[in-house]
Each structure stands twice: as structure tokens, then as C-alpha cells.
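In what follows, a structure is listed as C-alpha cells, so that the remarks can point back to it.
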Amino acid sequence: MAFWLMKTEPSYFSIDDLKRQKISMWDGVRNYQARNFMRAMKKGDTVLVYHSNKAPVGIAGIAEIVRVAYPDPTQFDVANEHHDKKATLETPRWDAVNIRFVKKFKQVLTLHELKNDPHFETMPVTQKGSRLSVQPVSEHHFKRVYKLGT
DNA sequence: GCCAACGTTGGC
DNA sequence: GCCAACGTTGGC
């Protein structure tokens, strides 16, 4: 059982969208390191859903992996903003996973709060210039987030 | 393989 | 909207 953090711009896809849809495809990841982390995800793993770019920036809730990595269909779709002309059905480049809504935090656990809590000093998301959209989370960090968020 | 140019992310 | 910190591309 592993823990992950995945970033989304809430104007594009938010924890409320996930709550409404119950199960959602997490697509559009176009970074190899992030993709490789997605490939390491197992059914039942826990995901911290992180809202980027729009205040309040931070962890908005929790989801669970219900389908492991499979070729992201948006890479083949010329009309999609995430279309990749170098990807083919035979040699796909990018993967998606499916997640299930678990919990929305009463309020977003903000990046500011994470940065001000010494427990999170080594958490990747609190590091300056951390752009990786899919990150592993330690159990220690997850437990602390859970405690503060719920 | 180097690295400049370019594109993107994401906090602020 | 700004811009630092990246990641990617492509000429050489």
C-alpha cells in the first residue's frame, strides 16, 4: 500500500468534480518521471489530490487507485489539448489511471501550512521549484496530512 | 552528447 | 501577469 500526491488545476479538474463523478480517469500527464510513478501505482493505493495554481493552493482531499496504468486515450485524440503526435496505438507514450473519490477535506490543507510544519520539511511538494505533478508520499507524511486535513 | 532555445509549470 | 525553475527539442 503506497501513497501518492497528484496535482491538478481545479479549474480543469477539482476534488468536487471527482466527488460528483465518483470514479475519474486521471489523464493528461505529459512528464516521464510523473508517468513512471503512475506506472508504479497499484490498486488500492492512496492519492492526495492537490489543487495547484488557484488559491487556496494545497491538498484538497483523498482518492484511491481503482485501475492501474493504461494508455492515456487523450494522446491519440487530435482534437484533445493533450494530443501527442508522436504517440501511436502501437507505441503509446503516456498513461492514465482511474481513481475513486474517498474524501474531501473540510478545508484545503494549504501549501503555506505544509511549509510551516516541520513534519513536511522533506516532502517534495514543499520544496522550491517542485513541478513534478505526480509524487510519492511517505506514510509518515500521509498520516500527518490525514490528521491535519480531516 | 552538448547545450541554446524554447515551452511549461505553478507559486505569488 | 510575472518569472524562476525546470523539462524537452533539435542542430551540431
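Ordering of the C-alpha cells sets the chain letters (A, B, ...); residue numbers start at 1 within each chain; ligands are numbered from 1 in the order shown.
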
Return as CSV the residues of chain C lying at most 8 Å from chain A, together with the closest atom-to-atom pair for each and the distance in Å to one decimal, counting only C-alpha atoms (C1' of nucleotides), with rows in chain order and ascending residue number.
residue,atom,partner,partner_atom,distance
C:DA4,C1',A:Gly129,CA,7.8
C:DA5,C1',A:Gly129,CA,5.3
C:DC6,C1',A:Gly129,CA,7.2

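The neighbours of segment 11-15 of chain A here are the residues that come within 9 Å of it, using only C-alpha atoms (C1' of nucleotides) and leaving out any residue fewer than 5 positions away in the same chain; they are Arg20, Val49, Tyr50, His51, Lys54, Ala60, Gly61, Ile62, Ala63, Phe101, Lys103 and Lys104 of chain A.
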
Requested in this report: Find the residues near DC12 of chain C: any atom within 12 Å, counting only C-alpha atoms (C1' of nucleotides), skip ones fewer than 4 places away on the same chain, and give them as a list in words.
Outcome: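 Near DC12 of chain C, the qualifying residues are DG1, DC2, DC3 and DA4 of chain B.
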
Output of the above residues as an mmCIF file, in the first residue's frame, restricted to N, CA, C and O atoms (P, O5', C5', C4', C3', O3' and C1' of nucleotides):
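result08.cif, freshly written:
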data_model
loop_
_atom_site.group_PDB
_atom_site.id
_atom_site.type_symbol
_atom_site.label_atom_id
_atom_site.label_comp_id
_atom_site.auth_asym_id
_atom_site.auth_seq_id
_atom_site.Cartn_x
_atom_site.Cartn_y
_atom_site.Cartn_z
ATOM 1 P P DG B 1 25.320 9.761 -24.791
ATOM 2 O "O5'" DG B 1 26.437 10.638 -25.518
ATOM 3 C "C5'" DG B 1 27.702 10.998 -24.937
ATOM 4 C "C4'" DG B 1 27.885 12.477 -25.064
ATOM 5 C "C3'" DG B 1 27.158 13.296 -24.011
ATOM 6 O "O3'" DG B 1 28.050 14.333 -23.605
ATOM 7 C "C1'" DG B 1 26.472 14.023 -26.148
ATOM 8 P P DC B 2 27.790 15.300 -22.412
ATOM 9 O "O5'" DC B 2 27.685 16.673 -23.199
ATOM 10 C "C5'" DC B 2 28.769 17.085 -24.037
ATOM 11 C "C4'" DC B 2 28.400 18.398 -24.702
ATOM 12 C "C3'" DC B 2 27.801 19.438 -23.759
ATOM 13 O "O3'" DC B 2 28.439 20.681 -24.011
ATOM 14 C "C1'" DC B 2 26.342 19.075 -25.603
ATOM 15 P P DC B 3 28.378 21.880 -22.954
ATOM 16 O "O5'" DC B 3 27.160 22.739 -23.516
ATOM 17 C "C5'" DC B 3 27.192 23.246 -24.843
ATOM 18 C "C4'" DC B 3 25.839 23.826 -25.181
ATOM 19 C "C3'" DC B 3 25.158 24.554 -24.019
ATOM 20 O "O3'" DC B 3 24.468 25.679 -24.536
ATOM 21 C "C1'" DC B 3 23.714 22.952 -24.861
ATOM 22 P P DA B 4 24.844 27.152 -24.037
ATOM 23 O "O5'" DA B 4 24.112 28.049 -25.128
ATOM 24 C "C5'" DA B 4 24.311 27.782 -26.511
ATOM 25 C "C4'" DA B 4 23.003 27.956 -27.252
ATOM 26 C "C3'" DA B 4 22.122 29.095 -26.740
ATOM 27 O "O3'" DA B 4 21.520 29.708 -27.873
ATOM 28 C "C1'" DA B 4 20.952 27.042 -26.520
#

Shell around Val137 of chain A at 9 Å using only C-alpha atoms (C1' of nucleotides), local window under 3 positions removed, as a PDB file with all heavy atoms, in the first residue's frame:
ATOM      1  N   ALA A   2       0.812   1.989  -1.094  1.00  0.00           N
ATOM      2  CA  ALA A   2       1.651   3.184  -1.224  1.00  0.00           C
ATOM      3  C   ALA A   2       0.786   4.440  -1.246  1.00  0.00           C
ATOM      4  O   ALA A   2      -0.432   4.375  -1.418  1.00  0.00           O
ATOM      5  CB  ALA A   2       2.486   3.090  -2.497  1.00  0.00           C
ATOM      6  N   PHE A   3       1.443   5.572  -1.079  1.00  0.00           N
ATOM      7  CA  PHE A   3       0.761   6.868  -1.045  1.00  0.00           C
ATOM      8  C   PHE A   3       1.371   7.777  -2.096  1.00  0.00           C
ATOM      9  O   PHE A   3       2.583   7.760  -2.321  1.00  0.00           O
ATOM     10  CB  PHE A   3       0.901   7.498   0.344  1.00  0.00           C
ATOM     11  CG  PHE A   3       0.434   6.612   1.457  1.00  0.00           C
ATOM     12  CD1 PHE A   3       1.322   5.790   2.128  1.00  0.00           C
ATOM     13  CD2 PHE A   3      -0.900   6.580   1.817  1.00  0.00           C
ATOM     14  CE1 PHE A   3       0.900   4.955   3.153  1.00  0.00           C
ATOM     15  CE2 PHE A   3      -1.339   5.749   2.846  1.00  0.00           C
ATOM     16  CZ  PHE A   3      -0.440   4.929   3.511  1.00  0.00           C
ATOM     17  N   TRP A   4       0.516   8.577  -2.702  1.00  0.00           N
ATOM     18  CA  TRP A   4       0.940   9.450  -3.802  1.00  0.00           C
ATOM     19  C   TRP A   4       0.293  10.812  -3.651  1.00  0.00           C
ATOM     20  O   TRP A   4      -0.717  10.967  -2.974  1.00  0.00           O
ATOM     21  CB  TRP A   4       0.515   8.854  -5.150  1.00  0.00           C
ATOM     22  CG  TRP A   4       0.954   7.445  -5.334  1.00  0.00           C
ATOM     23  CD1 TRP A   4       0.214   6.310  -5.059  1.00  0.00           C
ATOM     24  CD2 TRP A   4       2.223   6.976  -5.805  1.00  0.00           C
ATOM     25  NE1 TRP A   4       0.961   5.194  -5.328  1.00  0.00           N
ATOM     26  CE2 TRP A   4       2.187   5.556  -5.781  1.00  0.00           C
ATOM     27  CE3 TRP A   4       3.387   7.613  -6.241  1.00  0.00           C
ATOM     28  CZ2 TRP A   4       3.275   4.782  -6.187  1.00  0.00           C
ATOM     29  CZ3 TRP A   4       4.464   6.840  -6.640  1.00  0.00           C
ATOM     30  CH2 TRP A   4       4.409   5.442  -6.611  1.00  0.00           C
ATOM     31  N   LEU A   5       0.884  11.775  -4.343  1.00  0.00           N
ATOM     32  CA  LEU A   5       0.257  13.092  -4.454  1.00  0.00           C
ATOM     33  C   LEU A   5       0.153  13.425  -5.938  1.00  0.00           C
ATOM     34  O   LEU A   5       1.114  13.229  -6.690  1.00  0.00           O
ATOM     35  CB  LEU A   5       1.095  14.148  -3.717  1.00  0.00           C
ATOM     36  CG  LEU A   5       0.571  15.592  -3.766  1.00  0.00           C
ATOM     37  CD1 LEU A   5       0.899  16.312  -2.450  1.00  0.00           C
ATOM     38  CD2 LEU A   5       1.181  16.384  -4.923  1.00  0.00           C
ATOM     39  N   VAL A  47      -4.212   8.351  -2.858  1.00  0.00           N
ATOM     40  CA  VAL A  47      -3.764   9.536  -3.592  1.00  0.00           C
ATOM     41  C   VAL A  47      -4.213  10.799  -2.865  1.00  0.00           C
ATOM     42  O   VAL A  47      -5.387  10.931  -2.519  1.00  0.00           O
ATOM     43  CB  VAL A  47      -4.348   9.548  -5.019  1.00  0.00           C
ATOM     44  CG1 VAL A  47      -3.992  10.838  -5.740  1.00  0.00           C
ATOM     45  CG2 VAL A  47      -3.873   8.330  -5.809  1.00  0.00           C
ATOM     46  N   LEU A  48      -3.279  11.704  -2.629  1.00  0.00           N
ATOM     47  CA  LEU A  48      -3.630  13.029  -2.143  1.00  0.00           C
ATOM     48  C   LEU A  48      -3.890  13.912  -3.361  1.00  0.00           C
ATOM     49  O   LEU A  48      -3.026  14.034  -4.231  1.00  0.00           O
ATOM     50  CB  LEU A  48      -2.485  13.621  -1.309  1.00  0.00           C
ATOM     51  CG  LEU A  48      -2.099  12.819  -0.058  1.00  0.00           C
ATOM     52  CD1 LEU A  48      -0.856  13.435   0.596  1.00  0.00           C
ATOM     53  CD2 LEU A  48      -3.249  12.786   0.944  1.00  0.00           C
ATOM     54  N   MET A 123       9.160  16.810   2.406  1.00  0.00           N
ATOM     55  CA  MET A 123       8.143  16.405   1.433  1.00  0.00           C
ATOM     56  C   MET A 123       8.407  17.132   0.114  1.00  0.00           C
ATOM     57  O   MET A 123       8.561  18.361   0.101  1.00  0.00           O
ATOM     58  CB  MET A 123       6.763  16.767   1.975  1.00  0.00           C
ATOM     59  CG  MET A 123       5.615  16.078   1.262  1.00  0.00           C
ATOM     60  SD  MET A 123       4.043  16.549   2.039  1.00  0.00           S
ATOM     61  CE  MET A 123       2.919  15.423   1.210  1.00  0.00           C
ATOM     62  N   PRO A 124       8.433  16.383  -1.009  1.00  0.00           N
ATOM     63  CA  PRO A 124       8.782  17.018  -2.290  1.00  0.00           C
ATOM     64  C   PRO A 124       7.950  18.261  -2.623  1.00  0.00           C
ATOM     65  O   PRO A 124       8.478  19.253  -3.123  1.00  0.00           O
ATOM     66  CB  PRO A 124       8.522  15.899  -3.312  1.00  0.00           C
ATOM     67  CG  PRO A 124       8.724  14.635  -2.557  1.00  0.00           C
ATOM     68  CD  PRO A 124       8.285  14.920  -1.155  1.00  0.00           C
ATOM     69  N   HIS A 140       4.555   8.428   6.748  1.00  0.00           N
ATOM     70  CA  HIS A 140       4.637   9.437   7.806  1.00  0.00           C
ATOM     71  C   HIS A 140       3.971  10.741   7.361  1.00  0.00           C
ATOM     72  O   HIS A 140       3.160  11.322   8.090  1.00  0.00           O
ATOM     73  CB  HIS A 140       6.113   9.668   8.153  1.00  0.00           C
ATOM     74  CG  HIS A 140       6.380  10.905   8.949  1.00  0.00           C
ATOM     75  ND1 HIS A 140       5.977  11.026  10.254  1.00  0.00           N
ATOM     76  CD2 HIS A 140       6.993  12.079   8.620  1.00  0.00           C
ATOM     77  CE1 HIS A 140       6.339  12.227  10.698  1.00  0.00           C
ATOM     78  NE2 HIS A 140       6.951  12.875   9.737  1.00  0.00           N
ATOM     79  N   HIS A 141       4.310  11.175   6.154  1.00  0.00           N
ATOM     80  CA  HIS A 141       3.719  12.411   5.648  1.00  0.00           C
ATOM     81  C   HIS A 141       2.222  12.249   5.421  1.00  0.00           C
ATOM     82  O   HIS A 141       1.435  13.150   5.714  1.00  0.00           O
ATOM     83  CB  HIS A 141       4.418  12.846   4.350  1.00  0.00           C
ATOM     84  CG  HIS A 141       5.793  13.397   4.569  1.00  0.00           C
ATOM     85  ND1 HIS A 141       6.789  13.323   3.626  1.00  0.00           N
ATOM     86  CD2 HIS A 141       6.339  14.026   5.650  1.00  0.00           C
ATOM     87  CE1 HIS A 141       7.887  13.890   4.105  1.00  0.00           C
ATOM     88  NE2 HIS A 141       7.648  14.319   5.321  1.00  0.00           N
ATOM     89  N   PHE A 142       1.831  11.083   4.901  1.00  0.00           N
ATOM     90  CA  PHE A 142       0.399  10.859   4.682  1.00  0.00           C
ATOM     91  C   PHE A 142      -0.377  10.941   5.996  1.00  0.00           C
ATOM     92  O   PHE A 142      -1.418  11.598   6.075  1.00  0.00           O
ATOM     93  CB  PHE A 142       0.138   9.501   4.012  1.00  0.00           C
ATOM     94  CG  PHE A 142      -1.329   9.188   3.971  1.00  0.00           C
ATOM     95  CD1 PHE A 142      -2.153   9.831   3.058  1.00  0.00           C
ATOM     96  CD2 PHE A 142      -1.893   8.317   4.894  1.00  0.00           C
ATOM     97  CE1 PHE A 142      -3.519   9.587   3.052  1.00  0.00           C
ATOM     98  CE2 PHE A 142      -3.255   8.073   4.901  1.00  0.00           C
ATOM     99  CZ  PHE A 142      -4.074   8.701   3.976  1.00  0.00           C
TER     100      PHE A 142
END

Requested in this report: Could you give me the residues within chain A that DSSP places in strand (DSSP E), as an MDAnalysis selection string?
Outcome: chainID A and resid 3:8 23:26 46:51 58:71 95:110 134:137

Could you write those residues out with C-alpha atoms, as a PDB file, in the first residue's frame?
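Result written to selection-v5.pdb:
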ATOM      1  CA  PHE A   3       0.761   6.868  -1.045  1.00  0.00           C
ATOM      2  CA  TRP A   4       0.940   9.450  -3.802  1.00  0.00           C
ATOM      3  CA  LEU A   5       0.257  13.092  -4.454  1.00  0.00           C
ATOM      4  CA  MET A   6      -1.205  14.241  -7.766  1.00  0.00           C
ATOM      5  CA  LYS A   7      -1.566  17.854  -8.830  1.00  0.00           C
ATOM      6  CA  THR A   8      -4.485  19.282 -10.746  1.00  0.00           C
ATOM      7  CA  ILE A  23     -14.640   7.478 -10.454  1.00  0.00           C
ATOM      8  CA  SER A  24     -12.499   9.525 -12.837  1.00  0.00           C
ATOM      9  CA  MET A  25      -9.760   8.933 -15.351  1.00  0.00           C
ATOM     10  CA  TRP A  26      -6.600  10.820 -14.439  1.00  0.00           C
ATOM     11  CA  THR A  46      -3.979   6.220  -1.735  1.00  0.00           C
ATOM     12  CA  VAL A  47      -3.764   9.536  -3.592  1.00  0.00           C
ATOM     13  CA  LEU A  48      -3.630  13.029  -2.143  1.00  0.00           C
ATOM     14  CA  VAL A  49      -5.446  15.336  -4.562  1.00  0.00           C
ATOM     15  CA  TYR A  50      -3.563  18.641  -4.759  1.00  0.00           C
ATOM     16  CA  HIS A  51      -5.031  21.842  -6.178  1.00  0.00           C
ATOM     17  CA  GLY A  58      -2.859  22.773  -1.337  1.00  0.00           C
ATOM     18  CA  ILE A  59      -4.225  19.309  -0.616  1.00  0.00           C
ATOM     19  CA  ALA A  60      -7.972  19.187  -1.185  1.00  0.00           C
ATOM     20  CA  GLY A  61      -8.821  15.574  -0.448  1.00  0.00           C
ATOM     21  CA  ILE A  62      -8.144  11.887  -0.864  1.00  0.00           C
ATOM     22  CA  ALA A  63      -8.712   9.366  -3.630  1.00  0.00           C
ATOM     23  CA  GLU A  64      -7.931   5.704  -4.241  1.00  0.00           C
ATOM     24  CA  ILE A  65      -6.440   3.953  -7.256  1.00  0.00           C
ATOM     25  CA  VAL A  66      -9.064   1.666  -8.801  1.00  0.00           C
ATOM     26  CA  ARG A  67      -7.390   0.955 -12.132  1.00  0.00           C
ATOM     27  CA  VAL A  68      -3.656   0.702 -12.725  1.00  0.00           C
ATOM     28  CA  ALA A  69      -1.862   2.489 -15.564  1.00  0.00           C
ATOM     29  CA  TYR A  70      -3.153   2.041 -19.119  1.00  0.00           C
ATOM     30  CA  PRO A  71      -2.545   4.043 -22.314  1.00  0.00           C
ATOM     31  CA  ASP A  95      -0.554   6.518 -19.266  1.00  0.00           C
ATOM     32  CA  ALA A  96      -3.689   7.249 -17.307  1.00  0.00           C
ATOM     33  CA  VAL A  97      -5.018   5.716 -14.098  1.00  0.00           C
ATOM     34  CA  ASN A  98      -8.523   5.632 -12.672  1.00  0.00           C
ATOM     35  CA  ILE A  99      -9.220   6.959  -9.211  1.00  0.00           C
ATOM     36  CA  ARG A 100     -12.207   6.805  -6.883  1.00  0.00           C
ATOM     37  CA  PHE A 101     -13.333   9.631  -4.633  1.00  0.00           C
ATOM     38  CA  VAL A 102     -12.656   8.903  -0.976  1.00  0.00           C
ATOM     39  CA  LYS A 103     -12.792  12.148   0.956  1.00  0.00           C
ATOM     40  CA  LYS A 104     -12.865  15.883   0.573  1.00  0.00           C
ATOM     41  CA  PHE A 105     -11.073  17.799   3.299  1.00  0.00           C
ATOM     42  CA  LYS A 106     -13.237  20.207   5.273  1.00  0.00           C
ATOM     43  CA  GLN A 107     -10.845  22.847   4.092  1.00  0.00           C
ATOM     44  CA  VAL A 108      -7.821  22.709   1.824  1.00  0.00           C
ATOM     45  CA  LEU A 109      -4.630  21.880   3.695  1.00  0.00           C
ATOM     46  CA  THR A 110      -2.660  24.720   2.174  1.00  0.00           C
ATOM     47  CA  VAL A 134       2.860  13.056  -9.579  1.00  0.00           C
ATOM     48  CA  GLN A 135       4.927  12.434  -6.451  1.00  0.00           C
ATOM     49  CA  PRO A 136       5.366   9.596  -3.984  1.00  0.00           C
ATOM     50  CA  VAL A 137       4.349  10.373  -0.392  1.00  0.00           C
TER      51      VAL A 137
END

Query raised in the report: as JSON, numbers by chain, which residues of chain A does DSSP assign to helix (DSSP H, G or I)?
Result: {"A": [15, 16, 17, 18, 19, 20, 21, 32, 33, 34, 35, 36, 37, 38, 39, 73, 74, 75, 76, 111, 112, 113, 114, 115, 118, 119, 120, 124, 125, 126, 139, 140, 141, 142, 143, 144, 145, 146, 147, 148, 149]}

Requested in this report: Kindly give the distance, in Å, that separates atom CA of Gly28 of chain A and atom CA of Asp16 of chain A, rounded to a single decimal.
Outcome: 18.5 Å

Requested in this report: Skip DG7 of chain B itself and residues of its chain fewer than 3 positions away, then list as a ChimeraX atom specification all residues within 12 Å of it, counting only C-alpha atoms (C1' of nucleotides).
Outcome: /C:6-9

**Report entry** For atom CA of Ala34 of chain A and atom CA of Asp117 of chain A, the interatomic separation in Å (one decimal)
**Finding:**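 Atom CA of Asp117 of chain A lies 25.4 Å from atom CA of Ala34 of chain A.
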